[in-house]
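Dropping structure35.tsv in here (TSV, C-alpha atoms):
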```
chain	number	residue	atom	x	y	z
A	1	MET	CA	3.26	14.85	-8.72
A	2	TYR	CA	-0.11	16.66	-8.91
A	3	LEU	CA	-0.52	19.42	-11.49
A	4	LEU	CA	-3.40	21.73	-12.37
A	5	THR	CA	-3.59	22.27	-16.12
A	6	GLN	CA	-6.00	23.75	-18.63
A	7	ARG	CA	-6.90	21.65	-21.65
A	8	GLU	CA	-8.96	21.92	-24.78
A	9	LYS	CA	-10.45	18.68	-26.13
A	10	VAL	CA	-13.40	17.44	-28.19
A	11	VAL	CA	-16.49	15.70	-26.81
A	12	ARG	CA	-18.76	13.54	-28.98
A	13	ILE	CA	-22.45	14.13	-28.26
A	14	PRO	CA	-24.44	11.19	-29.66
A	15	PRO	CA	-27.64	11.91	-31.63
A	16	ASP	CA	-29.94	10.50	-28.92
A	17	ARG	CA	-28.66	13.14	-26.42
A	18	LEU	CA	-29.19	16.19	-28.67
A	19	GLY	CA	-32.57	17.18	-27.18
A	20	GLU	CA	-31.16	17.47	-23.62
A	21	ASP	CA	-29.55	20.48	-21.89
A	22	VAL	CA	-26.27	20.98	-23.77
A	23	HIS	CA	-24.21	22.13	-20.76
A	24	GLN	CA	-25.31	19.19	-18.62
A	25	VAL	CA	-24.64	16.67	-21.42
A	26	VAL	CA	-21.22	18.19	-22.21
A	27	ASN	CA	-20.23	18.11	-18.51
A	28	GLU	CA	-21.28	14.47	-18.15
A	29	LEU	CA	-19.64	13.29	-21.39
A	30	ALA	CA	-16.41	15.22	-20.78
A	31	ARG	CA	-16.04	13.62	-17.34
A	32	GLU	CA	-16.71	10.16	-18.77
A	33	ALA	CA	-14.22	10.70	-21.59
A	34	TYR	CA	-11.29	12.22	-19.67
A	35	GLU	CA	-11.44	11.50	-15.92
A	36	GLY	CA	-9.46	8.43	-14.87
A	37	ARG	CA	-7.62	8.27	-18.21
A	38	ILE	CA	-3.91	8.32	-18.94
A	39	GLU	CA	-2.74	10.84	-21.51
A	40	GLY	CA	0.22	10.35	-23.83
A	41	ASN	CA	2.57	12.30	-21.53
A	42	ASP	CA	2.20	9.70	-18.73
A	43	SER	CA	-0.21	11.67	-16.60
A	44	LEU	CA	-3.44	10.36	-15.10
A	45	THR	CA	-6.35	12.81	-15.20
A	46	VAL	CA	-7.88	12.64	-11.74
A	47	LEU	CA	-10.56	15.33	-11.99
A	48	ILE	CA	-11.87	17.90	-14.46
A	49	LYS	CA	-13.88	21.01	-13.63
A	50	ASN	CA	-14.96	24.38	-15.07
A	51	ILE	CA	-16.00	22.76	-18.36
A	52	GLU	CA	-16.91	25.31	-21.02
A	53	THR	CA	-17.96	24.85	-24.63
A	54	VAL	CA	-15.83	26.60	-27.24
A	55	GLY	CA	-17.59	27.80	-30.39
A	56	GLU	CA	-20.11	25.80	-32.35
A	57	GLY	CA	-20.11	22.00	-32.53
A	58	ARG	CA	-19.50	20.10	-35.79
A	59	ILE	CA	-21.74	17.41	-37.24
A	60	VAL	CA	-19.85	14.67	-39.06
A	61	HIS	CA	-21.59	13.34	-42.16
A	62	GLY	CA	-22.69	9.72	-41.72
A	63	ASP	CA	-22.30	9.83	-37.93
A	64	GLY	CA	-25.07	12.21	-36.83
A	65	ALA	CA	-23.25	13.10	-33.60
A	66	VAL	CA	-22.12	16.60	-32.67
A	67	TYR	CA	-18.40	17.04	-31.97
A	68	GLN	CA	-18.09	19.89	-29.48
A	69	THR	CA	-14.79	21.48	-28.49
A	70	VAL	CA	-14.57	22.04	-24.72
A	71	LYS	CA	-12.09	23.81	-22.47
A	72	PHE	CA	-11.60	22.68	-18.86
A	73	ASP	CA	-9.28	22.70	-15.85
A	74	SER	CA	-7.85	19.30	-15.02
A	75	LEU	CA	-6.06	17.91	-12.00
A	76	VAL	CA	-3.47	15.41	-13.20
A	77	PHE	CA	-1.28	12.95	-11.33
A	78	ARG	CA	2.14	12.59	-12.97
A	79	PRO	CA	4.64	10.41	-11.07
A	80	GLN	CA	8.27	10.65	-12.18
A	81	VAL	CA	11.12	8.11	-12.06
A	82	GLN	CA	13.41	8.92	-9.07
A	83	GLU	CA	10.58	10.74	-7.27
A	84	VAL	CA	10.19	10.01	-3.55
A	85	VAL	CA	6.60	9.16	-2.57
A	86	GLU	CA	4.78	8.36	0.65
A	87	GLY	CA	1.94	5.88	0.81
A	88	HIS	CA	0.48	2.97	2.72
A	89	ILE	CA	0.86	-0.77	2.28
A	90	CYS	CA	-2.36	-1.98	0.69
A	91	GLU	CA	-1.41	-5.61	-0.05
A	92	VAL	CA	1.33	-8.03	1.02
A	93	LEU	CA	2.24	-11.02	-1.15
A	94	LYS	CA	5.02	-13.64	-1.30
A	95	PHE	CA	7.06	-11.52	-3.71
A	96	GLY	CA	6.64	-8.13	-2.00
A	97	ALA	CA	4.11	-5.48	-1.08
A	98	PHE	CA	1.96	-2.99	-2.96
A	99	VAL	CA	2.10	0.63	-1.86
A	100	ARG	CA	-0.83	2.95	-2.62
A	101	PHE	CA	0.27	6.54	-3.24
A	102	GLY	CA	-2.14	8.96	-4.82
A	103	PRO	CA	-4.55	7.13	-7.13
A	104	LEU	CA	-2.05	4.38	-8.13
A	105	ASP	CA	-0.26	1.39	-6.58
A	106	GLY	CA	3.43	0.60	-6.88
A	107	LEU	CA	5.21	-2.72	-6.27
A	108	LEU	CA	7.82	-2.87	-3.54
A	109	HIS	CA	9.61	-6.10	-4.48
A	110	ILE	CA	10.82	-8.18	-1.53
A	111	SER	CA	14.44	-7.48	-2.56
A	112	GLN	CA	13.82	-3.72	-2.30
A	113	VAL	CA	12.24	-3.61	1.19
A	114	MET	CA	15.37	-3.51	3.39
A	115	ASP	CA	19.02	-4.53	3.66
A	116	ASP	CA	18.13	-7.71	5.52
A	117	ARG	CA	16.97	-11.20	4.65
A	118	ILE	CA	13.19	-11.36	4.83
A	119	ASP	CA	10.74	-13.93	6.18
A	120	ILE	CA	7.22	-13.96	4.81
A	121	ASP	CA	4.32	-14.37	7.25
A	122	ASP	CA	1.48	-15.24	4.83
A	123	SER	CA	-1.19	-15.72	7.47
A	124	ASN	CA	-0.68	-12.22	8.94
A	125	GLN	CA	0.37	-10.57	5.66
A	126	ARG	CA	3.72	-9.36	7.01
A	127	LEU	CA	7.30	-9.18	5.80
A	128	ILE	CA	9.79	-9.58	8.68
A	129	GLY	CA	13.55	-8.87	8.67
A	130	LYS	CA	15.47	-11.92	9.99
A	131	ASP	CA	18.18	-9.92	11.77
A	132	THR	CA	16.53	-6.56	12.50
A	133	LYS	CA	13.08	-8.04	13.36
A	134	ARG	CA	11.50	-5.03	11.65
A	135	ASP	CA	8.19	-5.85	10.00
A	136	LEU	CA	6.08	-4.43	7.22
A	137	LYS	CA	2.33	-5.10	7.27
A	138	LEU	CA	-0.99	-3.86	5.85
A	139	GLY	CA	-1.68	-0.19	6.58
A	140	ASP	CA	1.94	0.76	7.38
A	141	MET	CA	2.99	4.17	6.05
A	142	VAL	CA	6.21	4.07	4.00
A	143	ARG	CA	8.48	6.41	2.06
A	144	ALA	CA	9.83	4.92	-1.19
A	145	ARG	CA	11.46	6.02	-4.44
A	146	ILE	CA	10.05	5.25	-7.89
A	147	VAL	CA	12.59	3.24	-9.91
A	148	THR	CA	10.49	2.05	-12.87
A	149	LEU	CA	7.35	3.39	-14.48
A	150	SER	CA	5.23	1.80	-17.20
A	151	PHE	CA	1.71	3.15	-17.69
A	152	ASN	CA	-1.17	1.07	-19.01
A	153	GLU	CA	-3.31	3.56	-20.95
A	154	ARG	CA	-6.28	1.19	-21.28
A	155	ASN	CA	-6.43	0.36	-17.55
A	156	PRO	CA	-4.47	2.80	-15.35
A	157	ARG	CA	-4.87	0.58	-12.25
A	158	GLU	CA	-2.76	-2.06	-14.04
A	159	SER	CA	0.17	0.30	-14.59
A	160	LYS	CA	3.50	-1.12	-13.43
A	161	ILE	CA	5.38	1.10	-10.97
A	162	GLY	CA	8.48	-0.29	-9.27
A	163	LEU	CA	9.57	1.09	-5.90
A	164	THR	CA	12.59	0.78	-3.59
A	165	MET	CA	13.17	1.54	0.09
A	166	ARG	CA	16.82	0.41	0.20
A	167	GLN	CA	18.40	3.84	0.63
A	168	PRO	CA	18.97	6.22	3.55
A	169	GLY	CA	15.85	8.28	4.31
A	170	LEU	CA	13.51	5.66	2.84
A	171	GLY	CA	11.50	2.95	4.60
A	172	LYS	CA	8.64	2.52	6.99
A	173	LEU	CA	8.01	5.88	8.69
A	174	GLU	CA	8.37	4.26	12.14
A	175	TRP	CA	11.82	2.95	11.18
A	176	LEU	CA	12.89	6.41	10.07
A	177	SER	CA	11.75	7.92	13.41
A	178	GLU	CA	13.61	5.21	15.34
A	179	ASP	CA	16.79	5.85	13.33
A	180	ARG	CA	16.56	9.63	14.00
A	181	GLU	CA	16.12	9.02	17.73
A	182	LYS	CA	19.15	6.70	17.80
A	183	LYS	CA	21.30	9.28	16.05
A	184	GLY	CA	20.09	11.97	18.48
A	185	ALA	CA	20.93	9.76	21.50
A	186	GLU	CA	24.43	9.01	20.14
A	187	LYS	CA	25.37	12.71	19.97
```
Spit out the file's structure as structure tokens when you get a sec.
Amino acid sequence: MYLLTQREKVVRIPPDRLGEDVHQVVNELAREAYEGRIEGNDSLTVLIKNIETVGEGRIVHGDGAVYQTVKFDSLVFRPQVQEVVEGHICEVLKFGAFVRFGPLDGLLHISQVMDDRIDIDDSNQRLIGKDTKRDLKLGDMVRARIVTLSFNERNPRESKIGLTMRQPGLGKLEWLSEDREKKGAEK
């Protein structure tokens, strides 16, 4: 899910910033340009550090800016389809719940919460199983599996990640503990 990589990219230094300390400007502009962005290989750059300039910058005719190649270490978040993740419920709606794992949120559709019919308690933001009486509410820790993944490169927070908890070993962490205890008592 999290990877540490080394990248080499180009930073545009606008003409009005050319009189400032080059290392400070390059650090600031590199962070603005690459942190919080989704790359083409479906990975979100969370943090960059150890930014170093590589060689001389280039001035493009008609632009006046300096294009400086930089090398840096980057921490990237790269969720995969079928990956099991743990997170907390950050929002409950009529159609399901949003789970925050890492820097992103995934949708746990109401049909993927449990093998039970579900009542929705809007006023308390809870999903309640009709037969099992198990509930899911804000702040609950859950284990889910990623079933769909569609990144929005322009706005990573609007990426669409579909989750499920309808399999053995998945669900609210309290439910999983209860199930283990029951199995231990049966033996």
Exercise. Which neighbours of A:Gly96 fall inside 7 Å, counting all atoms listed in the file, when residues of the same chain fewer than 5 positions from it are skipped, and could you give them as an MDAnalysis selection string?
Worked result: chainID A and resid 108:110
For this session: Write out as a list of chain:residue names the residues lying within 10 Å of A:Leu75, counting all atoms listed in the file and excluding same-chain residues fewer than 5 positions away.
Result: A:Tyr2, A:Leu3, A:Leu4, A:Thr5, A:Gln6, A:Glu35, A:Ser43, A:Leu44, A:Thr45, A:Val46, A:Leu47, A:Ile48, A:Lys49
Exercise. Residues at most 12 Å from A:Glu39, counting only C-alpha atoms, excluding those fewer than 6 positions away in the same chain, as a list of chain:residue names?
Worked result: A:Arg7, A:Lys9, A:Ala33, A:Thr45, A:Val46, A:Ser74, A:Val76, A:Phe77, A:Arg78, A:Phe151, A:Asn152, A:Glu153, A:Arg154, A:Asn155, A:Pro156
Could you write out the selected residues, including C-alpha atoms, as a short mmCIF file (atom, residue, chain, number, x, y, z; two decimals), keeping the file's coordinate frame?
```cif
data_model
loop_
_atom_site.label_atom_id
_atom_site.label_comp_id
_atom_site.auth_asym_id
_atom_site.auth_seq_id
_atom_site.Cartn_x
_atom_site.Cartn_y
_atom_site.Cartn_z
CA ARG A 7 -6.90 21.65 -21.65
CA LYS A 9 -10.45 18.68 -26.13
CA ALA A 33 -14.22 10.70 -21.59
CA THR A 45 -6.35 12.81 -15.20
CA VAL A 46 -7.88 12.64 -11.74
CA SER A 74 -7.85 19.30 -15.02
CA VAL A 76 -3.47 15.41 -13.20
CA PHE A 77 -1.28 12.95 -11.33
CA ARG A 78 2.14 12.59 -12.97
CA PHE A 151 1.71 3.15 -17.69
CA ASN A 152 -1.17 1.07 -19.01
CA GLU A 153 -3.31 3.56 -20.95
CA ARG A 154 -6.28 1.19 -21.28
CA ASN A 155 -6.43 0.36 -17.55
CA PRO A 156 -4.47 2.80 -15.35
#
```
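One distance worth recording is that between atom CA of A:Val85 and atom CA of A:Gln167, which is 13.3 Å.
Atom pair atom CA of A:Met114 / atom CA of A:Met1: separated by 25.1 Å.
Nearest to A:Leu149 of all the residues A:Gln68, A:Gln24, A:Thr53, A:Gln82 is A:Gln82, based on all atoms listed in the file.
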Exercise. Distance atom CA of A:Ile161-atom CA of A:Lys137, one decimal place?
Worked result: 19.5 Å
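Using all atoms listed in the file for every distance, the candidate list A:Glu52, A:Glu86, A:Asp73, A:Asp105 yields A:Glu86 as the residue closest to A:Val142.
By chain and then residue number, the residues within 6 Å of A:Ile128 are Ile118, Asp119, Lys133, Arg134 and Asp135 of chain A, counting all atoms listed in the file and disregarding those fewer than 4 positions away in sequence.
Nearest residue to A:Leu136 among A:Glu181, A:Glu32, A:Asp122, A:Glu8 is A:Asp122, counting only C-alpha atoms.
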Just give me the residues with any atom within 12 Å of (11.0, 1.0, -13.5), file coordinates, counting all atoms listed in the file, written as a CSV table (one decimal) with C-alpha atoms, in the frame of the given file.
```csv
chain,number,residue,atom,x,y,z
A,79,PRO,CA,4.6,10.4,-11.1
A,80,GLN,CA,8.3,10.6,-12.2
A,81,VAL,CA,11.1,8.1,-12.1
A,82,GLN,CA,13.4,8.9,-9.1
A,83,GLU,CA,10.6,10.7,-7.3
A,106,GLY,CA,3.4,0.6,-6.9
A,107,LEU,CA,5.2,-2.7,-6.3
A,108,LEU,CA,7.8,-2.9,-3.5
A,109,HIS,CA,9.6,-6.1,-4.5
A,145,ARG,CA,11.5,6.0,-4.4
A,146,ILE,CA,10.0,5.2,-7.9
A,147,VAL,CA,12.6,3.2,-9.9
A,148,THR,CA,10.5,2.0,-12.9
A,149,LEU,CA,7.4,3.4,-14.5
A,150,SER,CA,5.2,1.8,-17.2
A,151,PHE,CA,1.7,3.2,-17.7
A,159,SER,CA,0.2,0.3,-14.6
A,160,LYS,CA,3.5,-1.1,-13.4
A,161,ILE,CA,5.4,1.1,-11.0
A,162,GLY,CA,8.5,-0.3,-9.3
A,163,LEU,CA,9.6,1.1,-5.9
A,164,THR,CA,12.6,0.8,-3.6
```
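The shortest atom-to-atom distance to A:Leu127, with all atoms listed in the file taken into account, belongs to A:Lys94 out of A:Lys94, A:Arg37, A:Arg12, A:Arg17.
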Please provide as a CSV table (one decimal) with C-alpha atoms, keeping the file's coordinate frame all residues within 8 Å of A:Val10, with the sequence filter that same-chain residues fewer than 6 positions apart are discarded (counting all atoms listed in the file).
```csv
chain,number,residue,atom,x,y,z
A,67,TYR,CA,-18.4,17.0,-32.0
A,68,GLN,CA,-18.1,19.9,-29.5
A,69,THR,CA,-14.8,21.5,-28.5
A,70,VAL,CA,-14.6,22.0,-24.7
```
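Counting only C-alpha atoms, the residue from A:Glu158, A:Asp131, A:Asp16, A:Asp21 that sits nearest to A:Ala65 is A:Asp16.
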Could you list, with a cut-off of 7 Å and counting all atoms listed in the file, the residues of stretch 40-147 of chain A near stretch 169-174 of chain A, each shown with its nearest atom pair and the distance in Å rounded to one decimal, rows sorted by chain and ascending number, as a Markdown table?
```
| residue | atom | partner | partner_atom | distance |
| --- | --- | --- | --- | --- |
| A:Asp140 | CA | A:Lys172 | CA | 6.9 |
| A:Met141 | CA | A:Leu173 | CA | 5.9 |
| A:Val142 | CA | A:Lys172 | CA | 4.2 |
| A:Arg143 | CA | A:Leu170 | CA | 5.1 |
| A:Ala144 | CA | A:Leu170 | CA | 5.5 |
```
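Nearest residue to A:Arg58 among A:Pro14, A:Asn27, A:Gly87, A:Phe72 is A:Pro14, counting all atoms listed in the file.
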Please return stretch 41-69 of chain A, rebuilt to N, CA and C atoms, as a JSON list (two decimals), in the coordinates of the input.
```json
[["chain", "number", "residue", "atom", "x", "y", "z"],
["A", 41, "ASN", "N", 1.39, 11.83, -22.25],
["A", 41, "ASN", "CA", 2.57, 12.30, -21.53],
["A", 41, "ASN", "C", 2.67, 11.66, -20.15],
["A", 42, "ASP", "N", 2.12, 10.46, -19.98],
["A", 42, "ASP", "CA", 2.20, 9.70, -18.73],
["A", 42, "ASP", "C", 1.63, 10.44, -17.54],
["A", 43, "SER", "N", 0.47, 11.03, -17.73],
["A", 43, "SER", "CA", -0.21, 11.67, -16.60],
["A", 43, "SER", "C", -1.64, 11.16, -16.55],
["A", 44, "LEU", "N", -2.10, 10.87, -15.34],
["A", 44, "LEU", "CA", -3.44, 10.36, -15.10],
["A", 44, "LEU", "C", -4.34, 11.53, -14.73],
["A", 45, "THR", "N", -5.41, 11.74, -15.51],
["A", 45, "THR", "CA", -6.35, 12.81, -15.20],
["A", 45, "THR", "C", -7.24, 12.33, -14.06],
["A", 46, "VAL", "N", -7.14, 13.01, -12.93],
["A", 46, "VAL", "CA", -7.88, 12.64, -11.74],
["A", 46, "VAL", "C", -9.26, 13.29, -11.74],
["A", 47, "LEU", "N", -9.33, 14.57, -12.10],
["A", 47, "LEU", "CA", -10.56, 15.33, -11.99],
["A", 47, "LEU", "C", -10.56, 16.44, -13.03],
["A", 48, "ILE", "N", -11.73, 16.72, -13.60],
["A", 48, "ILE", "CA", -11.87, 17.90, -14.46],
["A", 48, "ILE", "C", -12.99, 18.77, -13.92],
["A", 49, "LYS", "N", -12.85, 20.08, -14.10],
["A", 49, "LYS", "CA", -13.88, 21.01, -13.63],
["A", 49, "LYS", "C", -13.86, 22.26, -14.51],
["A", 50, "ASN", "N", -14.82, 23.14, -14.29],
["A", 50, "ASN", "CA", -14.96, 24.38, -15.07],
["A", 50, "ASN", "C", -15.01, 24.08, -16.57],
["A", 51, "ILE", "N", -15.88, 23.18, -16.96],
["A", 51, "ILE", "CA", -16.00, 22.76, -18.36],
["A", 51, "ILE", "C", -16.82, 23.80, -19.12],
["A", 52, "GLU", "N", -16.24, 24.31, -20.20],
["A", 52, "GLU", "CA", -16.91, 25.31, -21.02],
["A", 52, "GLU", "C", -16.87, 24.88, -22.48],
["A", 53, "THR", "N", -17.96, 25.13, -23.19],
["A", 53, "THR", "CA", -17.96, 24.85, -24.63],
["A", 53, "THR", "C", -17.23, 25.97, -25.34],
["A", 54, "VAL", "N", -16.56, 25.62, -26.44],
["A", 54, "VAL", "CA", -15.83, 26.60, -27.24],
["A", 54, "VAL", "C", -16.41, 26.59, -28.65],
["A", 55, "GLY", "N", -17.04, 27.68, -29.04],
["A", 55, "GLY", "CA", -17.59, 27.80, -30.39],
["A", 55, "GLY", "C", -18.75, 26.86, -30.63],
["A", 56, "GLU", "N", -19.01, 26.67, -31.91],
["A", 56, "GLU", "CA", -20.11, 25.80, -32.35],
["A", 56, "GLU", "C", -19.59, 24.37, -32.51],
["A", 57, "GLY", "N", -20.47, 23.39, -32.30],
["A", 57, "GLY", "CA", -20.11, 22.00, -32.53],
["A", 57, "GLY", "C", -20.15, 21.67, -34.01],
["A", 58, "ARG", "N", -19.50, 20.56, -34.39],
["A", 58, "ARG", "CA", -19.50, 20.10, -35.79],
["A", 58, "ARG", "C", -20.28, 18.80, -35.89],
["A", 59, "ILE", "N", -21.04, 18.66, -36.96],
["A", 59, "ILE", "CA", -21.74, 17.41, -37.24],
["A", 59, "ILE", "C", -20.97, 16.70, -38.34],
["A", 60, "VAL", "N", -20.61, 15.45, -38.08],
["A", 60, "VAL", "CA", -19.85, 14.67, -39.06],
["A", 60, "VAL", "C", -20.84, 13.87, -39.91],
["A", 61, "HIS", "N", -20.71, 14.02, -41.23],
["A", 61, "HIS", "CA", -21.59, 13.34, -42.16],
["A", 61, "HIS", "C", -21.50, 11.82, -41.96],
["A", 62, "GLY", "N", -22.65, 11.17, -41.88],
["A", 62, "GLY", "CA", -22.69, 9.72, -41.72],
["A", 62, "GLY", "C", -22.68, 9.27, -40.25],
["A", 63, "ASP", "N", -22.36, 10.18, -39.35],
["A", 63, "ASP", "CA", -22.30, 9.83, -37.93],
["A", 63, "ASP", "C", -23.54, 10.36, -37.20],
["A", 64, "GLY", "N", -23.90, 11.59, -37.47],
["A", 64, "GLY", "CA", -25.07, 12.21, -36.83],
["A", 64, "GLY", "C", -24.79, 12.80, -35.47],
["A", 65, "ALA", "N", -23.60, 12.55, -34.91],
["A", 65, "ALA", "CA", -23.25, 13.10, -33.60],
["A", 65, "ALA", "C", -22.67, 14.49, -33.77],
["A", 66, "VAL", "N", -22.72, 15.26, -32.68],
["A", 66, "VAL", "CA", -22.12, 16.60, -32.67],
["A", 66, "VAL", "C", -20.77, 16.49, -31.95],
["A", 67, "TYR", "N", -19.73, 17.01, -32.57],
["A", 67, "TYR", "CA", -18.40, 17.04, -31.97],
["A", 67, "TYR", "C", -18.16, 18.45, -31.46],
["A", 68, "GLN", "N", -18.17, 18.58, -30.13],
["A", 68, "GLN", "CA", -18.09, 19.89, -29.48],
["A", 68, "GLN", "C", -16.73, 20.07, -28.81],
["A", 69, "THR", "N", -16.04, 21.16, -29.16],
["A", 69, "THR", "CA", -14.79, 21.48, -28.49],
["A", 69, "THR", "C", -15.11, 22.04, -27.11]]
```
